[in-house]
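Visitor: start_19.cif is reproduced below (mmCIF, C-alpha atoms; chains and numbers go by the auth columns).
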```
data_upload
#
loop_
_atom_site.group_PDB
_atom_site.id
_atom_site.type_symbol
_atom_site.label_atom_id
_atom_site.label_comp_id
_atom_site.label_asym_id
_atom_site.label_seq_id
_atom_site.Cartn_x
_atom_site.Cartn_y
_atom_site.Cartn_z
_atom_site.B_iso_or_equiv
_atom_site.auth_seq_id
_atom_site.auth_asym_id
ATOM 1 C CA MET A 1 -5.807 -9.049 -15.354 0.00 1 J
ATOM 2 C CA ARG A 2 -6.941 -10.249 -11.952 0.00 2 J
ATOM 3 C CA ILE A 3 -4.894 -10.438 -8.759 0.00 3 J
ATOM 4 C CA GLN A 4 -5.034 -13.693 -6.831 0.00 4 J
ATOM 5 C CA ILE A 5 -4.209 -13.102 -3.161 0.00 5 J
ATOM 6 C CA LYS A 6 -5.213 -15.296 -0.213 0.00 6 J
ATOM 7 C CA ASP A 7 -8.049 -13.799 1.885 0.00 7 J
ATOM 8 C CA VAL A 8 -8.098 -10.714 -0.316 0.00 8 J
ATOM 9 C CA CYS A 9 -11.476 -9.526 0.972 0.00 9 J
ATOM 10 C CA LYS A 10 -10.265 -9.568 4.575 0.00 10 J
ATOM 11 C CA ASN A 11 -7.094 -7.529 4.030 0.00 11 J
ATOM 12 C CA ARG A 12 -7.576 -5.723 0.743 0.00 12 J
ATOM 13 C CA ALA A 13 -8.602 -2.380 2.270 0.00 13 J
ATOM 14 C CA VAL A 14 -5.518 -2.131 4.438 0.00 14 J
ATOM 15 C CA ILE A 15 -3.169 -3.372 1.704 0.00 15 J
ATOM 16 C CA LEU A 16 -4.575 -1.057 -0.955 0.00 16 J
ATOM 17 C CA LEU A 17 -4.405 2.112 1.115 0.00 17 J
ATOM 18 C CA LEU A 18 -1.076 1.293 2.718 0.00 18 J
ATOM 19 C CA SER A 19 0.287 0.988 -0.812 0.00 19 J
ATOM 20 C CA MET A 20 -0.840 4.453 -1.889 0.00 20 J
ATOM 21 C CA ALA A 21 0.769 7.836 -1.468 0.00 21 J
ATOM 22 C CA VAL A 22 -1.492 9.664 0.992 0.00 22 J
ATOM 23 C CA LEU A 23 -1.681 13.330 1.914 0.00 23 J
ATOM 24 C CA GLY A 24 -4.182 14.569 4.334 0.00 24 J
ATOM 25 C CA THR A 25 -6.030 16.750 6.638 0.00 25 J
ATOM 26 C CA SER A 26 -7.094 17.637 10.112 0.00 26 J
ATOM 27 C CA CYS A 27 -5.093 18.776 13.137 0.00 27 J
ATOM 28 C CA LYS A 28 -5.256 21.492 15.811 0.00 28 J
ATOM 29 C CA GLY A 29 -5.919 24.925 14.496 0.00 29 J
ATOM 30 C CA THR A 30 -7.271 23.872 11.116 0.00 30 J
ATOM 31 C CA LYS A 31 -10.270 25.401 9.388 0.00 31 J
ATOM 32 C CA SER A 32 -12.554 23.888 6.814 0.00 32 J
ATOM 33 C CA VAL A 33 -12.186 25.626 3.470 0.00 33 J
ATOM 34 C CA THR A 34 -15.481 26.688 1.946 0.00 34 J
ATOM 35 C CA GLY A 35 -16.890 29.585 -0.050 0.00 35 J
ATOM 36 C CA GLY A 36 -15.750 31.429 -3.123 0.00 36 J
ATOM 37 C CA GLU A 37 -17.747 32.417 -6.174 0.00 37 J
ATOM 38 C CA VAL A 38 -17.210 31.301 -9.745 0.00 38 J
ATOM 39 C CA ASP A 39 -16.444 33.838 -12.458 0.00 39 J
ATOM 40 C CA SER A 40 -18.058 32.702 -15.698 0.00 40 J
ATOM 41 C CA ARG A 41 -15.652 34.940 -17.667 0.00 41 J
ATOM 42 C CA MET A 42 -12.536 33.116 -16.447 0.00 42 J
ATOM 43 C CA SER A 43 -10.748 31.176 -19.160 0.00 43 J
ATOM 44 C CA ALA A 44 -9.699 27.537 -18.904 0.00 44 J
ATOM 45 C CA LYS A 45 -6.039 28.628 -18.973 0.00 45 J
ATOM 46 C CA ASN A 46 -6.508 30.952 -15.996 0.00 46 J
ATOM 47 C CA ILE A 47 -8.336 28.244 -14.050 0.00 47 J
ATOM 48 C CA ILE A 48 -5.493 25.796 -14.711 0.00 48 J
ATOM 49 C CA ASP A 49 -2.812 28.382 -13.841 0.00 49 J
ATOM 50 C CA ASN A 50 -4.582 29.073 -10.533 0.00 50 J
ATOM 51 C CA HIS A 51 -4.844 25.355 -9.837 0.00 51 J
ATOM 52 C CA TYR A 52 -1.075 24.897 -10.058 0.00 52 J
ATOM 53 C CA SER A 53 -0.258 28.103 -8.171 0.00 53 J
ATOM 54 C CA HIS A 54 -2.230 26.756 -5.175 0.00 54 J
ATOM 55 C CA GLN A 55 -0.190 23.556 -4.728 0.00 55 J
ATOM 56 C CA PRO A 56 0.729 22.841 -1.070 0.00 56 J
ATOM 57 C CA LYS A 57 4.280 23.593 0.017 0.00 57 J
ATOM 58 C CA PHE A 58 5.800 21.426 2.747 0.00 58 J
ATOM 59 C CA LYS A 59 8.601 18.899 3.200 0.00 59 J
ATOM 60 C CA THR A 60 7.271 16.285 5.630 0.00 60 J
ATOM 61 C CA LEU A 61 3.877 15.216 6.917 0.00 61 J
ATOM 62 C CA SER A 62 2.786 12.862 9.692 0.00 62 J
ATOM 63 C CA GLY A 63 -0.540 11.901 11.221 0.00 63 J
ATOM 64 C CA ARG A 64 -3.233 9.250 11.245 0.00 64 J
ATOM 65 C CA VAL A 65 -5.775 8.288 8.609 0.00 65 J
ATOM 66 C CA LYS A 66 -9.114 6.539 9.093 0.00 66 J
ATOM 67 C CA ILE A 67 -9.991 4.313 6.141 0.00 67 J
ATOM 68 C CA ASP A 68 -13.469 2.926 5.439 0.00 68 J
ATOM 69 C CA TYR A 69 -13.675 0.428 2.604 0.00 69 J
ATOM 70 C CA SER A 70 -16.501 -1.384 0.829 0.00 70 J
ATOM 71 C CA ASN A 71 -16.457 -3.650 -2.231 0.00 71 J
ATOM 72 C CA GLY A 72 -19.989 -5.055 -2.283 0.00 72 J
ATOM 73 C CA ASP A 73 -18.980 -8.236 -0.468 0.00 73 J
ATOM 74 C CA GLY A 74 -18.346 -6.491 2.842 0.00 74 J
ATOM 75 C CA THR A 75 -17.053 -3.405 4.618 0.00 75 J
ATOM 76 C CA GLN A 76 -13.992 -2.709 6.702 0.00 76 J
ATOM 77 C CA GLY A 77 -12.624 0.171 8.759 0.00 77 J
ATOM 78 C CA VAL A 78 -9.065 0.713 9.952 0.00 78 J
ATOM 79 C CA ASN A 79 -6.874 3.467 11.412 0.00 79 J
ATOM 80 C CA VAL A 80 -3.256 3.732 10.282 0.00 80 J
ATOM 81 C CA SER A 81 -0.227 5.894 11.045 0.00 81 J
ATOM 82 C CA LEU A 82 1.265 7.969 8.240 0.00 82 J
ATOM 83 C CA ARG A 83 4.697 9.495 7.627 0.00 83 J
ATOM 84 C CA MET A 84 5.703 11.160 4.400 0.00 84 J
ATOM 85 C CA GLU A 85 8.518 13.085 2.767 0.00 85 J
ATOM 86 C CA LYS A 86 6.865 14.847 -0.137 0.00 86 J
ATOM 87 C CA ASP A 87 7.788 13.494 -3.585 0.00 87 J
ATOM 88 C CA LYS A 88 10.177 10.927 -2.076 0.00 88 J
ATOM 89 C CA VAL A 89 8.706 8.363 0.299 0.00 89 J
ATOM 90 C CA ILE A 90 5.445 7.404 2.031 0.00 90 J
ATOM 91 C CA TRP A 91 5.456 5.109 5.079 0.00 91 J
ATOM 92 C CA MET A 92 2.287 3.725 6.642 0.00 92 J
ATOM 93 C CA SER A 93 1.598 1.259 9.420 0.00 93 J
ATOM 94 C CA ALA A 94 -1.525 -0.424 10.800 0.00 94 J
ATOM 95 C CA PRO A 95 -1.743 -0.935 14.605 0.00 95 J
ATOM 96 C CA LEU A 96 1.117 -3.053 16.011 0.00 96 J
ATOM 97 C CA GLY A 97 2.758 -3.037 12.578 0.00 97 J
ATOM 98 C CA VAL A 98 0.471 -5.832 11.360 0.00 98 J
ATOM 99 C CA VAL A 99 0.571 -4.298 7.893 0.00 99 J
ATOM 100 C CA LYS A 100 3.262 -1.828 6.876 0.00 100 J
ATOM 101 C CA ALA A 101 4.037 -0.101 3.573 0.00 101 J
ATOM 102 C CA HIS A 102 6.930 1.800 2.031 0.00 102 J
ATOM 103 C CA ILE A 103 6.375 3.476 -1.306 0.00 103 J
ATOM 104 C CA THR A 104 8.735 5.522 -3.479 0.00 104 J
ATOM 105 C CA PRO A 105 8.643 6.755 -7.078 0.00 105 J
ATOM 106 C CA GLU A 106 10.526 3.588 -8.028 0.00 106 J
ATOM 107 C CA LYS A 107 8.453 0.881 -6.322 0.00 107 J
ATOM 108 C CA VAL A 108 5.585 -0.169 -4.082 0.00 108 J
ATOM 109 C CA SER A 109 6.369 -2.446 -1.142 0.00 109 J
ATOM 110 C CA PHE A 110 4.273 -3.712 1.774 0.00 110 J
ATOM 111 C CA TYR A 111 4.053 -6.719 4.077 0.00 111 J
ATOM 112 C CA ASN A 112 1.150 -8.357 5.877 0.00 112 J
ATOM 113 C CA LYS A 113 1.792 -10.257 9.137 0.00 113 J
ATOM 114 C CA LEU A 114 -1.728 -11.705 9.142 0.00 114 J
ATOM 115 C CA ASP A 115 -0.850 -13.951 6.191 0.00 115 J
ATOM 116 C CA ASN A 116 2.984 -13.832 6.291 0.00 116 J
ATOM 117 C CA GLU A 117 3.031 -12.231 2.827 0.00 117 J
ATOM 118 C CA TYR A 118 4.803 -9.325 1.206 0.00 118 J
ATOM 119 C CA PHE A 119 4.652 -7.472 -2.103 0.00 119 J
ATOM 120 C CA GLU A 120 7.388 -5.611 -3.920 0.00 120 J
ATOM 121 C CA GLY A 121 6.970 -4.291 -7.421 0.00 121 J
ATOM 122 C CA ASP A 122 5.752 -1.468 -9.622 0.00 122 J
ATOM 123 C CA PHE A 123 2.460 0.414 -9.712 0.00 123 J
ATOM 124 C CA SER A 124 0.620 -2.183 -11.803 0.00 124 J
ATOM 125 C CA TYR A 125 -0.886 -3.592 -8.588 0.00 125 J
ATOM 126 C CA LEU A 126 -2.612 -0.331 -7.710 0.00 126 J
ATOM 127 C CA SER A 127 -3.437 0.388 -11.347 0.00 127 J
ATOM 128 C CA ASP A 128 -5.323 -2.900 -11.605 0.00 128 J
ATOM 129 C CA LEU A 129 -7.257 -2.369 -8.369 0.00 129 J
ATOM 130 C CA LEU A 130 -8.392 1.133 -9.356 0.00 130 J
ATOM 131 C CA GLY A 131 -8.792 0.444 -13.065 0.00 131 J
ATOM 132 C CA THR A 132 -6.501 3.185 -14.365 0.00 132 J
ATOM 133 C CA ASP A 133 -2.765 3.572 -14.971 0.00 133 J
ATOM 134 C CA LEU A 134 -1.001 5.045 -11.951 0.00 134 J
ATOM 135 C CA ASP A 135 2.486 6.119 -10.932 0.00 135 J
ATOM 136 C CA PHE A 136 3.843 7.870 -7.836 0.00 136 J
ATOM 137 C CA ASP A 137 3.039 11.379 -9.066 0.00 137 J
ATOM 138 C CA LYS A 138 -0.497 10.468 -10.120 0.00 138 J
ATOM 139 C CA VAL A 139 -1.301 8.805 -6.804 0.00 139 J
ATOM 140 C CA GLN A 140 0.198 11.698 -4.864 0.00 140 J
ATOM 141 C CA ASN A 141 -1.783 14.219 -6.902 0.00 141 J
ATOM 142 C CA LEU A 142 -4.953 12.173 -6.514 0.00 142 J
ATOM 143 C CA LEU A 143 -4.628 12.377 -2.757 0.00 143 J
ATOM 144 C CA LEU A 144 -3.478 16.009 -2.640 0.00 144 J
ATOM 145 C CA GLY A 145 -6.564 17.314 -4.372 0.00 145 J
ATOM 146 C CA SER A 146 -4.539 17.988 -7.512 0.00 146 J
ATOM 147 C CA SER A 147 -5.330 16.799 -11.007 0.00 147 J
ATOM 148 C CA VAL A 148 -4.125 13.265 -11.726 0.00 148 J
ATOM 149 C CA LEU A 149 -3.284 14.410 -15.257 0.00 149 J
ATOM 150 C CA ASP A 150 -0.988 17.305 -16.158 0.00 150 J
ATOM 151 C CA LEU A 151 -3.500 19.905 -17.326 0.00 151 J
ATOM 152 C CA ARG A 152 -0.744 22.025 -18.886 0.00 152 J
ATOM 153 C CA LYS A 153 -0.081 19.474 -21.617 0.00 153 J
ATOM 154 C CA GLU A 154 -3.359 19.870 -23.512 0.00 154 J
ATOM 155 C CA LYS A 155 -6.137 22.384 -24.131 0.00 155 J
ATOM 156 C CA PHE A 156 -9.426 22.405 -22.207 0.00 156 J
ATOM 157 C CA THR A 157 -12.799 24.073 -22.436 0.00 157 J
ATOM 158 C CA SER A 158 -14.272 25.605 -19.286 0.00 158 J
ATOM 159 C CA SER A 159 -17.803 26.105 -18.027 0.00 159 J
ATOM 160 C CA VAL A 160 -19.639 26.613 -14.754 0.00 160 J
ATOM 161 C CA SER A 161 -21.316 23.631 -13.107 0.00 161 J
ATOM 162 C CA GLY A 162 -23.246 24.566 -9.985 0.00 162 J
ATOM 163 C CA GLU A 163 -20.757 26.246 -7.623 0.00 163 J
ATOM 164 C CA ASN A 164 -17.644 24.906 -9.405 0.00 164 J
ATOM 165 C CA TYR A 165 -15.621 25.364 -12.574 0.00 165 J
ATOM 166 C CA GLU A 166 -15.752 22.410 -14.970 0.00 166 J
ATOM 167 C CA LEU A 167 -12.974 21.448 -17.386 0.00 167 J
ATOM 168 C CA LYS A 168 -13.129 19.042 -20.322 0.00 168 J
ATOM 169 C CA PRO A 169 -10.435 18.329 -22.946 0.00 169 J
ATOM 170 C CA ARG A 170 -11.068 20.125 -26.239 0.00 170 J
ATOM 171 C CA LYS A 171 -9.945 17.048 -28.128 0.00 171 J
ATOM 172 C CA ALA A 172 -11.674 13.839 -27.103 0.00 172 J
ATOM 173 C CA ARG A 173 -9.316 11.025 -26.167 0.00 173 J
ATOM 174 C CA GLU A 174 -9.695 7.725 -27.945 0.00 174 J
ATOM 175 C CA LEU A 175 -9.587 5.465 -24.881 0.00 175 J
ATOM 176 C CA PHE A 176 -10.266 7.767 -21.914 0.00 176 J
ATOM 177 C CA LYS A 177 -12.893 10.314 -20.963 0.00 177 J
ATOM 178 C CA ILE A 178 -11.935 13.018 -18.482 0.00 178 J
ATOM 179 C CA LEU A 179 -14.013 15.464 -16.447 0.00 179 J
ATOM 180 C CA LEU A 180 -12.746 17.822 -13.742 0.00 180 J
ATOM 181 C CA GLN A 181 -14.536 20.198 -11.411 0.00 181 J
ATOM 182 C CA LEU A 182 -12.577 22.768 -9.388 0.00 182 J
ATOM 183 C CA GLU A 183 -13.827 24.752 -6.406 0.00 183 J
ATOM 184 C CA PRO A 184 -13.492 28.536 -6.850 0.00 184 J
ATOM 185 C CA LYS A 185 -11.876 29.563 -3.544 0.00 185 J
ATOM 186 C CA ASN A 186 -8.509 27.845 -3.983 0.00 186 J
ATOM 187 C CA PHE A 187 -8.931 26.146 -7.375 0.00 187 J
ATOM 188 C CA LYS A 188 -8.531 22.707 -5.825 0.00 188 J
ATOM 189 C CA ILE A 189 -10.207 19.684 -7.412 0.00 189 J
ATOM 190 C CA ALA A 190 -13.781 19.165 -6.209 0.00 190 J
ATOM 191 C CA THR A 191 -14.347 16.098 -8.413 0.00 191 J
ATOM 192 C CA GLN A 192 -12.235 14.284 -10.966 0.00 192 J
ATOM 193 C CA GLU A 193 -13.441 11.435 -13.141 0.00 193 J
ATOM 194 C CA ILE A 194 -11.520 9.207 -15.519 0.00 194 J
ATOM 195 C CA SER A 195 -13.435 6.570 -17.474 0.00 195 J
ATOM 196 C CA GLN A 196 -12.703 3.861 -20.042 0.00 196 J
ATOM 197 C CA PRO A 197 -16.092 3.177 -21.673 0.00 197 J
ATOM 198 C CA GLU A 198 -14.853 0.214 -23.737 0.00 198 J
ATOM 199 C CA LYS A 199 -13.773 -1.568 -20.552 0.00 199 J
ATOM 200 C CA SER A 200 -16.718 -0.308 -18.459 0.00 200 J
ATOM 201 C CA ARG A 201 -14.258 1.285 -16.043 0.00 201 J
ATOM 202 C CA GLN A 202 -14.682 4.502 -14.100 0.00 202 J
ATOM 203 C CA LEU A 203 -12.628 6.168 -11.359 0.00 203 J
ATOM 204 C CA GLN A 204 -14.254 9.051 -9.454 0.00 204 J
ATOM 205 C CA ILE A 205 -12.687 11.047 -6.616 0.00 205 J
ATOM 206 C CA LYS A 206 -14.528 13.690 -4.578 0.00 206 J
ATOM 207 C CA TYR A 207 -12.956 16.066 -2.053 0.00 207 J
ATOM 208 C CA THR A 208 -13.607 18.462 0.809 0.00 208 J
ATOM 209 C CA TYR A 209 -10.790 20.682 2.099 0.00 209 J
ATOM 210 C CA GLN A 210 -9.320 22.496 5.054 0.00 210 J
ATOM 211 C CA ASP A 211 -6.438 24.855 5.725 0.00 211 J
ATOM 212 C CA ILE A 212 -3.387 23.501 7.555 0.00 212 J
ATOM 213 C CA SER A 213 -0.669 26.040 8.328 0.00 213 J
ATOM 214 C CA GLY A 214 -1.509 27.914 5.141 0.00 214 J
ATOM 215 C CA ASN A 215 -1.710 24.752 3.010 0.00 215 J
ATOM 216 C CA VAL A 216 -5.092 23.799 1.542 0.00 216 J
ATOM 217 C CA LEU A 217 -5.269 19.993 1.744 0.00 217 J
ATOM 218 C CA PRO A 218 -8.074 17.424 1.559 0.00 218 J
ATOM 219 C CA GLU A 219 -10.224 16.961 4.640 0.00 219 J
ATOM 220 C CA ASP A 220 -12.162 13.980 3.306 0.00 220 J
ATOM 221 C CA ILE A 221 -11.677 12.010 0.107 0.00 221 J
ATOM 222 C CA LYS A 222 -14.139 9.566 -1.410 0.00 222 J
ATOM 223 C CA ILE A 223 -12.790 7.240 -4.098 0.00 223 J
ATOM 224 C CA VAL A 224 -15.173 5.112 -6.162 0.00 224 J
ATOM 225 C CA ALA A 225 -13.677 2.627 -8.624 0.00 225 J
ATOM 226 C CA ALA A 226 -16.119 0.707 -10.833 0.00 226 J
ATOM 227 C CA GLU A 227 -15.490 -1.993 -13.413 0.00 227 J
ATOM 228 C CA ALA A 228 -18.443 -3.719 -15.058 0.00 228 J
ATOM 229 C CA LYS A 229 -20.586 -4.884 -12.103 0.00 229 J
ATOM 230 C CA ASP A 230 -17.809 -4.544 -9.500 0.00 230 J
ATOM 231 C CA LYS A 231 -17.630 -1.422 -7.340 0.00 231 J
ATOM 232 C CA THR A 232 -15.068 -0.422 -4.706 0.00 232 J
ATOM 233 C CA THR A 233 -15.580 2.568 -2.383 0.00 233 J
ATOM 234 C CA ILE A 234 -12.836 4.013 -0.181 0.00 234 J
ATOM 235 C CA ASP A 235 -13.447 6.882 2.273 0.00 235 J
ATOM 236 C CA LEU A 236 -10.445 8.660 3.808 0.00 236 J
ATOM 237 C CA ASN A 237 -10.358 10.990 6.808 0.00 237 J
ATOM 238 C CA PHE A 238 -7.058 12.243 8.238 0.00 238 J
ATOM 239 C CA ARG A 239 -6.265 13.289 11.813 0.00 239 J
ATOM 240 C CA ASN A 240 -3.548 14.798 14.021 0.00 240 J
ATOM 241 C CA LEU A 241 -1.533 16.026 11.090 0.00 241 J
ATOM 242 C CA GLU A 242 1.817 17.744 11.616 0.00 242 J
ATOM 243 C CA LEU A 243 3.979 19.349 8.943 0.00 243 J
ATOM 244 C CA ASN A 244 7.742 19.739 8.530 0.00 244 J
ATOM 245 C CA LYS A 245 8.897 17.656 11.510 0.00 245 J
ATOM 246 C CA PRO A 246 12.012 15.425 11.357 0.00 246 J
ATOM 247 C CA MET A 247 11.110 11.754 10.898 0.00 247 J
ATOM 248 C CA ASN A 248 12.432 8.394 9.736 0.00 248 J
ATOM 249 C CA PHE A 249 10.821 5.579 7.766 0.00 249 J
ATOM 250 C CA PRO A 250 11.767 2.166 9.268 0.00 250 J
ATOM 251 C CA TYR A 251 10.830 -0.713 6.975 0.00 251 J
ATOM 252 C CA LYS A 252 12.088 -4.284 6.585 0.00 252 J
ATOM 253 C CA VAL A 253 10.200 -7.330 5.317 0.00 253 J
ATOM 254 C CA PRO A 254 10.294 -10.068 7.999 0.00 254 J
ATOM 255 C CA LYS A 255 12.198 -13.235 7.138 0.00 255 J
ATOM 256 C CA GLY A 256 10.254 -16.225 5.850 0.00 256 J
ATOM 257 C CA PHE A 257 7.366 -14.265 4.302 0.00 257 J
ATOM 258 C CA ASP A 258 5.953 -15.441 0.948 0.00 258 J
ATOM 259 C CA LYS A 259 6.078 -13.004 -1.949 0.00 259 J
ATOM 260 C CA ILE A 260 2.735 -12.043 -3.469 0.00 260 J
ATOM 261 C CA THR A 261 2.711 -12.612 -7.223 0.00 261 J
ATOM 262 C CA LEU A 262 0.358 -11.093 -9.778 0.00 262 J
ATOM 263 C CA LYS A 263 -1.487 -13.508 -12.060 0.00 263 J
#
```
Before anything else, please render the file you have as structure tokens.

Guide:
Amino acid sequence: MRIQIKDVCKNRAVILLLSMAVLGTSCKGTKSVTGGEVDSRMSAKNIIDNHYSHQPKFKTLSGRVKIDYSNGDGTQGVNVSLRMEKDKVIWMSAPLGVVKAHITPEKVSFYNKLDNEYFEGDFSYLSDLLGTDLDFDKVQNLLLGSSVLDLRKEKFTSSVSGENYELKPRKARELFKILLQLEPKNFKIATQEISQPEKSRQLQIKYTYQDISGNVLPEDIKIVAAEAKDKTTIDLNFRNLELNKPMNFPYKVPKGFDKITLK
């Protein structure tokens, strides 16, 4: 399935990222998280248990995110404002509200004043752009430095790869291949890859981290989505983050905008 949208190359970076649940990184008093040593005796179960025990704990998040995007035809950079209530709603806005997004577990919605367009629907839009099935939880986990898949639902083998732990499913999946690397200090994801060899699709996400008020969250995220000869790269860097402050999420599609349809 392909998505036909007017001037997609010009606006695709902003639209894509404004339509994703984003969690992020730097602010005053933060420290980059590095170090830790792997223990080759640690079982896959213990690695997974540690991964889930190190999930961040906060209610709201606000800040700014710098997005750099490339798809082979060109590059684009943009800074956006972010507000979030964890597990419930993500609100993002480009400067002057030119593009604004509101995303919940039920739907994805955004509008684009440059082309007088808006989108409202499910996660199939993002799933198509990144080449893998997504929902709110998966996107949130992807951008938290948590596993996109629930690692507690199947068995994995563990090994040491360089300075990280590496996990692979014991039972190979028929349609997907999965590989995860976790850093040893806080058991956050260093790299996660999901591929569909039959469709020549691969999604790879790499992370660096920092500590924010006792929460280990991504500092930089690099997302590479490849399908056949097409390749999309998205780099995220987050700034001026604040946690647990009261906030609202104003959003209303302007009158007269045309609805974007998927074809």

Visitor: Write out as a count of residues only which residues come within 6 Å of stretch 73-85 of chain J when counting all atoms listed in the file, dropping same-chain ones fewer than 5 positions away.

Guide: 15

Visitor: Just checking: using all atoms listed in the file, which residue out of J:Asn46, J:Val89, J:Arg41, J:Thr104 ends up closest to J:Asn248?

Guide: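 Selected residue with least distance to J:Asn248: J:Val89.
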
Visitor: To test your reading of the syntax: which residues would the PyMOL selection byres ((chain J and resi 159) around 9) return for the file shown? Reply as a list in words.

Guide: Ser40, Met42, Ser43, Ala44, Thr157, Ser158, Val160, Ser161, Asn164, Tyr165, Glu166, Leu167 and Lys168 of chain J

Visitor: May I ask for the distance between atom CA of J:Ser53 and atom CA of J:Val108, given in Å to one decimal place?

Guide: 29.2 Å

Visitor: Which centre and which edge lengths, in Å to one decimal, describe the axis-aligned box that holds all listed atoms of stretch 37-53 of chain J after 3 Å is added on each side, as lines of an AutoDock Vina configuration file?

Guide:
```
center_x = -9.2
center_y = 29.9
center_z = -12.7
size_x = 23.8
size_y = 16.0
size_z = 19.0
```

Visitor: Name the residues captured by the PyMOL selection byres ((chain J and resi 236) around 9) when it is applied to the shown file; answer as a PyMOL selection string.

Guide: chain J and resi 24+65-69+219-223+234-235+237-238

Visitor: From the options J:Asp150, J:Glu227, J:Glu163, J:Asp137, which residue's atoms come nearest to J:Lys86, counting only C-alpha atoms?

Guide: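 Closest to J:Lys86 of all the choices is J:Asp137.
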
Visitor: With all atoms listed in the file as the counted atoms, please give the residues lying no more than 7 Å from J:Asn71, apart from itself and same-chain residues fewer than 5 positions off, as a tab-separated table (two decimals) with C-alpha atoms, in the coordinates of the input.

Guide:
```tsv
chain	number	residue	atom	x	y	z
J	231	LYS	CA	-17.63	-1.42	-7.34
J	232	THR	CA	-15.07	-0.42	-4.71
J	233	THR	CA	-15.58	2.57	-2.38
```

Visitor: Which residues match the PyMOL selection byres ((chain J and resi 112) around 9) in the file above, as a ChimeraX atom specification?

Guide: /J:11,15,97-100,110-111,113-119,257

Visitor: When distances are computed from only C-alpha atoms, which of J:Leu142, J:His54, J:Gly72, J:Gln210 shows the smallest separation from J:Glu193?

Guide: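 The answer is J:Leu142, which sits nearest to J:Glu193.
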
Visitor: Work out how far apart atom CA of J:Lys206 and atom CA of J:Ile48 are and give it in Å to one decimal.

Guide: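 A separation of 18.2 Å between them.
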
Visitor: Would you mind reading off the distance between atom CA of J:Ile194 and atom CA of J:Asp135, one decimal, in Å?

Guide: 15.1 Å

Visitor: Fewer than 6 positions away in the same chain doesn't count, so skip those; otherwise give me all residues within 9 Å of J:Ile189, counting all atoms listed in the file, as a ChimeraX atom specification.

Guide: /J:51,145-147,180-183,206-208

Visitor: Which residue gives the smallest distance to J:Pro218 among J:Leu243, J:Ile260, J:Ala190, J:Glu198, with all atoms listed in the file counted?

Guide: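 Closest residue, counting all atoms listed in the file: J:Ala190.
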
Visitor: Between J:Gln55, J:Lys45, J:Leu203, J:Val38, which is the closest to J:Pro169 once you count all atoms listed in the file?

Guide: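 Once distances to J:Pro169 are computed over all atoms listed in the file, the minimum belongs to J:Lys45.
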
Visitor: I want to know what sits within 9 Å of J:Tyr52, based on all atoms listed in the file, with residues of the same chain fewer than 5 positions away left out; could you give that as a JSON list (two decimals) with C-alpha atoms, in the frame of the given file?

Guide:
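The resulting file, result_29.json, is shown below:
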```
[["chain", "number", "residue", "atom", "x", "y", "z"],
["J", 47, "ILE", "CA", -8.34, 28.24, -14.05],
["J", 146, "SER", "CA", -4.54, 17.99, -7.51],
["J", 187, "PHE", "CA", -8.93, 26.15, -7.38],
["J", 188, "LYS", "CA", -8.53, 22.71, -5.82]]
```

Visitor: Taking into account only C-alpha atoms, which residue in the set J:Ser200, J:Ser124, J:Asn186, J:Ile205 is nearest to J:Asn141?

Guide: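 Of J:Ser200, J:Ser124, J:Asn186, J:Ile205, the one nearest J:Asn141 is J:Ile205, counting only C-alpha atoms.
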
Visitor: Which residues are close to J:Asp122, i.e. within 10 Å by all atoms listed in the file, leaving aside same-chain residues fewer than 5 positions away? Reply as a ChimeraX atom specification.

Guide: /J:103-109,127,134-136
